[in-house]
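A short write-up of the structure that comes next.
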Amino acid sequence: MVAKGHDFPDVTLGVVLDADWTLRFPAFRAEERTFALIAQLAGRAGRGPRGGHVLVQTASPGAPAIQAAAHHDTPGFVAGELRRREALRYPPFADLVRIVFSAEDAAAARAAAGQVGDALAARAGAGSDVLGPAPLFRLRGRDRFQLVIKTQRRERAIAAVRTAVERAARDRAHRHVAFSVDVDPQ
């Protein structure tokens with residue numbers, strides 16, 4: 001609550017518990033989110049005349065996001081994060097398309113994800129990688145799987161996804177599977 005923008009002038013101590021739990025998220029923005037949370041909290045503590053301190057509990061004190069936040073090194077963090085994303089071909093150096101498959105039966109969702117993944121691997125073309133299918137947490141009684149297409153040929157990848165998903169959705173074997181496509185997922 002304090003980290004998200006409320007101004008409490010009497011806050012003199014901010015504590016981030018298990019700061020590296022966000023680093024364990026399977027998302028390319030995990031480092032960025034960790035840095036932002038710690039930096040936001042650090043900016044809230046000590047606004048009043050008495051000053052303040054921030055304590056960060058972590059099992060990964062050497063993680064770049066935690067080191068940069070501890071040293072208030074936004075330019076250094078951004079430069080390192082951009083180098084990492086370029087090397088791994090993540091945004092802004094590539095585009096992402098995420099497809100989520102959900103069904104009450106895990107096997108049905110997995111089968112649809114596998115079929116679409118195979119079709120995309122054959123159609124997305126050079127400059128594109130198909131990641132998955134990977135399981136997601138069960139939500140509202142439905143099992144979920146996802147595919148992520150990482151591409152440097154955005155329009156071609158989107159067209160391939162559209163074709164593959166439309167074909168799978170028409171397949172009677174997947175009639176109980178819901179498909180969700182997100183271009184540039186957050």
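Going by the structure tokens order, chains are called A, B, ..., each with residues numbered from 1, while ligands are numbered from 1 in the order shown.
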Practice task
Write out as a list in words the residues lying within 12 Å of region 79-93 of chain A, counting only C-alpha atoms and excluding same-chain residues fewer than 5 positions away.
Solution key: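 The residues that qualify are Ala27, Phe28, Arg29, Ala30, Glu31, Glu32, Arg33, Phe35, Ala63, Pro64, Ala65, Gln67, Ala68, Asp73, Thr74, Gly127, Ser128, Asp129, Val148, Ile149, Lys150, Thr151, Gln152, Arg153, Arg154, Val183, Asp184, Pro185 and Gln186 of chain A.
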Handout entry: Neighbour list for region 116-118 of chain A as a VMD selection string, cut-off 12 Å, only C-alpha atoms, skip fewer than 6 positions in-chain
Key = chain A and resid 98 to 101 109 to 110 124 129 to 134 145 to 149 160 to 169 171 174 179 181
Just-selected residues, C-alpha atoms written as a PDB file, in the first residue's frame:
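Generated output (out04.pdb):
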ATOM      1  CA  ARG A  98       0.695 -15.364 -25.886  1.00  0.00           C
ATOM      2  CA  ILE A  99      -2.001 -17.983 -26.381  1.00  0.00           C
ATOM      3  CA  VAL A 100      -3.802 -19.462 -23.380  1.00  0.00           C
ATOM      4  CA  PHE A 101      -5.788 -22.678 -23.671  1.00  0.00           C
ATOM      5  CA  ALA A 109      -6.227 -28.036 -23.003  1.00  0.00           C
ATOM      6  CA  ARG A 110      -2.801 -29.668 -23.365  1.00  0.00           C
ATOM      7  CA  ALA A 124       5.854 -18.868 -37.836  1.00  0.00           C
ATOM      8  CA  ASP A 129      10.461 -19.158 -31.510  1.00  0.00           C
ATOM      9  CA  VAL A 130       7.519 -21.075 -30.059  1.00  0.00           C
ATOM     10  CA  LEU A 131       7.888 -21.523 -26.289  1.00  0.00           C
ATOM     11  CA  GLY A 132       5.696 -24.127 -24.631  1.00  0.00           C
ATOM     12  CA  PRO A 133       3.171 -25.455 -24.143  1.00  0.00           C
ATOM     13  CA  ALA A 134       3.639 -24.759 -20.460  1.00  0.00           C
ATOM     14  CA  PHE A 145      -1.696 -24.107 -20.748  1.00  0.00           C
ATOM     15  CA  GLN A 146       0.111 -21.395 -22.649  1.00  0.00           C
ATOM     16  CA  LEU A 147       2.237 -20.920 -25.708  1.00  0.00           C
ATOM     17  CA  VAL A 148       4.401 -17.845 -26.198  1.00  0.00           C
ATOM     18  CA  ILE A 149       5.667 -16.882 -29.624  1.00  0.00           C
ATOM     19  CA  ALA A 160       0.234 -17.682 -38.267  1.00  0.00           C
ATOM     20  CA  VAL A 161      -1.352 -17.558 -34.799  1.00  0.00           C
ATOM     21  CA  ARG A 162      -4.697 -16.488 -36.237  1.00  0.00           C
ATOM     22  CA  THR A 163      -4.682 -19.364 -38.734  1.00  0.00           C
ATOM     23  CA  ALA A 164      -3.542 -22.008 -36.230  1.00  0.00           C
ATOM     24  CA  VAL A 165      -6.024 -20.959 -33.525  1.00  0.00           C
ATOM     25  CA  GLU A 166      -8.947 -20.751 -35.964  1.00  0.00           C
ATOM     26  CA  ARG A 167      -8.175 -24.261 -37.233  1.00  0.00           C
ATOM     27  CA  ALA A 168      -7.907 -25.680 -33.739  1.00  0.00           C
ATOM     28  CA  ALA A 169     -11.120 -23.945 -32.648  1.00  0.00           C
ATOM     29  CA  ASP A 171     -11.624 -29.015 -34.647  1.00  0.00           C
ATOM     30  CA  HIS A 174     -11.177 -29.107 -29.029  1.00  0.00           C
ATOM     31  CA  PHE A 179      -8.577 -19.995 -26.651  1.00  0.00           C
ATOM     32  CA  VAL A 181      -4.688 -14.612 -27.723  1.00  0.00           C
TER      33      VAL A 181
END
Practice task
Excluding region 13-23 of chain A and residues on its chain fewer than 4 positions from it, collect all residues at most 6 Å away from it, counting only C-alpha atoms, and give them as number ranges by chain.
Solution key: A: 30-31, 34, 45, 52-58
Limited to all heavy atoms, could you put the picked residues into a file as a CSV table (one decimal), in the first residue's frame?
chain,number,residue,atom,x,y,z
A,30,ALA,N,10.2,-9.9,-14.8
A,30,ALA,CA,10.4,-10.2,-13.3
A,30,ALA,C,11.4,-9.3,-12.7
A,30,ALA,O,11.2,-8.7,-11.6
A,30,ALA,CB,10.7,-11.7,-13.1
A,31,GLU,N,12.6,-9.1,-13.3
A,31,GLU,CA,13.6,-8.2,-12.8
A,31,GLU,C,13.1,-6.8,-12.7
A,31,GLU,O,13.3,-6.1,-11.7
A,31,GLU,CB,14.9,-8.3,-13.6
A,31,GLU,CG,15.6,-9.6,-13.6
A,31,GLU,CD,16.7,-9.7,-12.5
A,31,GLU,OE1,17.1,-8.6,-12.0
A,31,GLU,OE2,17.1,-10.8,-12.2
A,34,THR,N,10.6,-6.3,-9.8
A,34,THR,CA,11.3,-6.4,-8.5
A,34,THR,C,12.0,-5.0,-8.3
A,34,THR,O,11.8,-4.5,-7.2
A,34,THR,CB,12.3,-7.5,-8.5
A,34,THR,OG1,11.6,-8.8,-8.7
A,34,THR,CG2,13.1,-7.6,-7.2
A,45,ALA,N,9.7,5.9,2.0
A,45,ALA,CA,10.2,6.0,3.4
A,45,ALA,C,11.1,7.2,3.5
A,45,ALA,O,11.9,7.5,2.7
A,45,ALA,CB,10.9,4.7,3.8
A,52,GLY,N,14.5,8.4,6.9
A,52,GLY,CA,14.0,7.1,6.9
A,52,GLY,C,15.0,6.0,6.4
A,52,GLY,O,16.0,6.3,5.9
A,53,HIS,N,14.6,4.8,6.6
A,53,HIS,CA,15.4,3.6,6.1
A,53,HIS,C,14.5,2.6,5.4
A,53,HIS,O,13.3,2.5,5.7
A,53,HIS,CB,16.0,2.9,7.4
A,53,HIS,CG,16.9,3.8,8.1
A,53,HIS,ND1,18.2,4.1,7.7
A,53,HIS,CD2,16.8,4.5,9.3
A,53,HIS,CE1,18.8,4.9,8.6
A,53,HIS,NE2,17.9,5.2,9.5
A,54,VAL,N,15.1,1.8,4.6
A,54,VAL,CA,14.4,0.7,3.9
A,54,VAL,C,15.2,-0.6,4.2
A,54,VAL,O,16.4,-0.6,4.0
A,54,VAL,CB,14.3,0.9,2.4
A,54,VAL,CG1,13.6,-0.3,1.8
A,54,VAL,CG2,13.4,2.2,2.1
A,55,LEU,N,14.5,-1.6,4.7
A,55,LEU,CA,15.2,-2.9,4.9
A,55,LEU,C,14.6,-3.8,3.8
A,55,LEU,O,13.4,-3.9,3.6
A,55,LEU,CB,14.9,-3.4,6.3
A,55,LEU,CG,15.3,-2.6,7.4
A,55,LEU,CD1,14.9,-3.2,8.7
A,55,LEU,CD2,16.8,-2.4,7.4
A,56,VAL,N,15.5,-4.6,3.2
A,56,VAL,CA,15.1,-5.5,2.1
A,56,VAL,C,15.6,-6.9,2.5
A,56,VAL,O,16.7,-7.2,2.7
A,56,VAL,CB,15.8,-5.1,0.8
A,56,VAL,CG1,15.4,-6.1,-0.3
A,56,VAL,CG2,15.3,-3.7,0.4
A,57,GLN,N,14.6,-7.8,2.7
A,57,GLN,CA,14.9,-9.2,3.0
A,57,GLN,C,14.9,-10.0,1.7
A,57,GLN,O,14.0,-9.9,0.9
A,57,GLN,CB,13.8,-9.8,3.9
A,57,GLN,CG,14.1,-11.3,4.2
A,57,GLN,CD,12.8,-12.0,4.7
A,57,GLN,OE1,11.7,-11.7,4.2
A,57,GLN,NE2,13.0,-12.9,5.6
A,58,THR,N,16.0,-10.7,1.5
A,58,THR,CA,16.2,-11.4,0.2
A,58,THR,C,17.1,-12.6,0.4
A,58,THR,O,18.0,-12.5,1.2
A,58,THR,CB,16.7,-10.5,-0.9
A,58,THR,OG1,16.9,-11.3,-2.1
A,58,THR,CG2,18.0,-9.8,-0.5
Problem - Test item, helix (DSSP H, G or I) assignment across chain A, answer as a PyMOL selection string - result: chain A and resi 2-4+19-24+30-44+64-70+74-88+106-123+154-170+172-174
Problem - Spatial neighbours of Ala39 (chain A), max dist 9 Å, only C-alpha atoms, sep filter under 3 positions, as a PyMOL selection string - result: chain A and resi 3+34-36+42-44+69-70+72+74
File of the preceding selection, all heavy atoms, as a PDB file, in the first residue's frame:
ATOM      1  N   ALA A   3       3.972   1.474  -0.985  1.00  0.00           N
ATOM      2  CA  ALA A   3       4.797   1.543  -2.191  1.00  0.00           C
ATOM      3  C   ALA A   3       4.027   2.075  -3.385  1.00  0.00           C
ATOM      4  O   ALA A   3       4.624   2.547  -4.335  1.00  0.00           O
ATOM      5  CB  ALA A   3       5.359   0.161  -2.523  1.00  0.00           C
ATOM      6  N   THR A  34      10.608  -6.340  -9.829  1.00  0.00           N
ATOM      7  CA  THR A  34      11.284  -6.375  -8.533  1.00  0.00           C
ATOM      8  C   THR A  34      11.972  -5.042  -8.262  1.00  0.00           C
ATOM      9  O   THR A  34      11.833  -4.458  -7.183  1.00  0.00           O
ATOM     10  CB  THR A  34      12.304  -7.533  -8.500  1.00  0.00           C
ATOM     11  OG1 THR A  34      11.604  -8.758  -8.715  1.00  0.00           O
ATOM     12  CG2 THR A  34      13.054  -7.574  -7.183  1.00  0.00           C
ATOM     13  N   PHE A  35      12.718  -4.552  -9.243  1.00  0.00           N
ATOM     14  CA  PHE A  35      13.398  -3.262  -9.104  1.00  0.00           C
ATOM     15  C   PHE A  35      12.386  -2.155  -8.805  1.00  0.00           C
ATOM     16  O   PHE A  35      12.582  -1.343  -7.896  1.00  0.00           O
ATOM     17  CB  PHE A  35      14.188  -2.934 -10.368  1.00  0.00           C
ATOM     18  CG  PHE A  35      14.810  -1.572 -10.338  1.00  0.00           C
ATOM     19  CD1 PHE A  35      16.021  -1.363  -9.705  1.00  0.00           C
ATOM     20  CD2 PHE A  35      14.183  -0.483 -10.934  1.00  0.00           C
ATOM     21  CE1 PHE A  35      16.600  -0.096  -9.660  1.00  0.00           C
ATOM     22  CE2 PHE A  35      14.745   0.772 -10.896  1.00  0.00           C
ATOM     23  CZ  PHE A  35      15.958   0.974 -10.254  1.00  0.00           C
ATOM     24  N   ALA A  36      11.294  -2.123  -9.556  1.00  0.00           N
ATOM     25  CA  ALA A  36      10.297  -1.062  -9.392  1.00  0.00           C
ATOM     26  C   ALA A  36       9.675  -1.089  -7.999  1.00  0.00           C
ATOM     27  O   ALA A  36       9.503  -0.030  -7.375  1.00  0.00           O
ATOM     28  CB  ALA A  36       9.214  -1.190 -10.455  1.00  0.00           C
ATOM     29  N   ALA A  42      11.352   2.535  -1.437  1.00  0.00           N
ATOM     30  CA  ALA A  42      12.460   3.369  -0.966  1.00  0.00           C
ATOM     31  C   ALA A  42      12.143   4.848  -1.141  1.00  0.00           C
ATOM     32  O   ALA A  42      12.562   5.679  -0.330  1.00  0.00           O
ATOM     33  CB  ALA A  42      13.744   3.007  -1.709  1.00  0.00           C
ATOM     34  N   GLY A  43      11.384   5.166  -2.156  1.00  0.00           N
ATOM     35  CA  GLY A  43      11.005   6.559  -2.379  1.00  0.00           C
ATOM     36  C   GLY A  43       9.939   7.055  -1.422  1.00  0.00           C
ATOM     37  O   GLY A  43       9.722   8.259  -1.299  1.00  0.00           O
ATOM     38  N   ARG A  44       9.267   6.161  -0.745  1.00  0.00           N
ATOM     39  CA  ARG A  44       8.197   6.548   0.186  1.00  0.00           C
ATOM     40  C   ARG A  44       8.720   6.749   1.608  1.00  0.00           C
ATOM     41  O   ARG A  44       8.228   7.605   2.332  1.00  0.00           O
ATOM     42  CB  ARG A  44       7.098   5.483   0.225  1.00  0.00           C
ATOM     43  CG  ARG A  44       6.451   5.235  -1.104  1.00  0.00           C
ATOM     44  CD  ARG A  44       5.568   6.404  -1.520  1.00  0.00           C
ATOM     45  NE  ARG A  44       5.014   6.155  -2.839  1.00  0.00           N
ATOM     46  CZ  ARG A  44       5.361   6.784  -3.937  1.00  0.00           C
ATOM     47  NH1 ARG A  44       6.272   7.732  -3.902  1.00  0.00           N
ATOM     48  NH2 ARG A  44       4.809   6.503  -5.084  1.00  0.00           N
ATOM     49  N   ALA A  69      18.496  -1.506  -7.086  1.00  0.00           N
ATOM     50  CA  ALA A  69      17.545  -0.787  -6.234  1.00  0.00           C
ATOM     51  C   ALA A  69      18.215  -0.339  -4.937  1.00  0.00           C
ATOM     52  O   ALA A  69      17.998   0.781  -4.480  1.00  0.00           O
ATOM     53  CB  ALA A  69      16.334  -1.670  -5.945  1.00  0.00           C
ATOM     54  N   ALA A  70      19.062  -1.190  -4.358  1.00  0.00           N
ATOM     55  CA  ALA A  70      19.748  -0.840  -3.113  1.00  0.00           C
ATOM     56  C   ALA A  70      20.683   0.348  -3.295  1.00  0.00           C
ATOM     57  O   ALA A  70      20.904   1.115  -2.362  1.00  0.00           O
ATOM     58  CB  ALA A  70      20.530  -2.045  -2.585  1.00  0.00           C
ATOM     59  N   HIS A  72      20.178   2.723  -5.652  1.00  0.00           N
ATOM     60  CA  HIS A  72      19.429   3.772  -6.366  1.00  0.00           C
ATOM     61  C   HIS A  72      20.010   3.993  -7.764  1.00  0.00           C
ATOM     62  O   HIS A  72      20.158   5.125  -8.218  1.00  0.00           O
ATOM     63  CB  HIS A  72      19.433   5.084  -5.579  1.00  0.00           C
ATOM     64  CG  HIS A  72      18.949   4.939  -4.180  1.00  0.00           C
ATOM     65  ND1 HIS A  72      17.621   4.723  -3.870  1.00  0.00           N
ATOM     66  CD2 HIS A  72      19.615   4.938  -2.996  1.00  0.00           C
ATOM     67  CE1 HIS A  72      17.489   4.611  -2.566  1.00  0.00           C
ATOM     68  NE2 HIS A  72      18.681   4.738  -2.007  1.00  0.00           N
ATOM     69  N   THR A  74      19.134   3.536 -11.140  1.00  0.00           N
ATOM     70  CA  THR A  74      18.169   3.310 -12.219  1.00  0.00           C
ATOM     71  C   THR A  74      18.861   3.237 -13.578  1.00  0.00           C
ATOM     72  O   THR A  74      18.588   2.307 -14.351  1.00  0.00           O
ATOM     73  CB  THR A  74      17.076   4.400 -12.205  1.00  0.00           C
ATOM     74  OG1 THR A  74      16.411   4.346 -10.933  1.00  0.00           O
ATOM     75  CG2 THR A  74      16.071   4.183 -13.316  1.00  0.00           C
TER      76      THR A  74
END
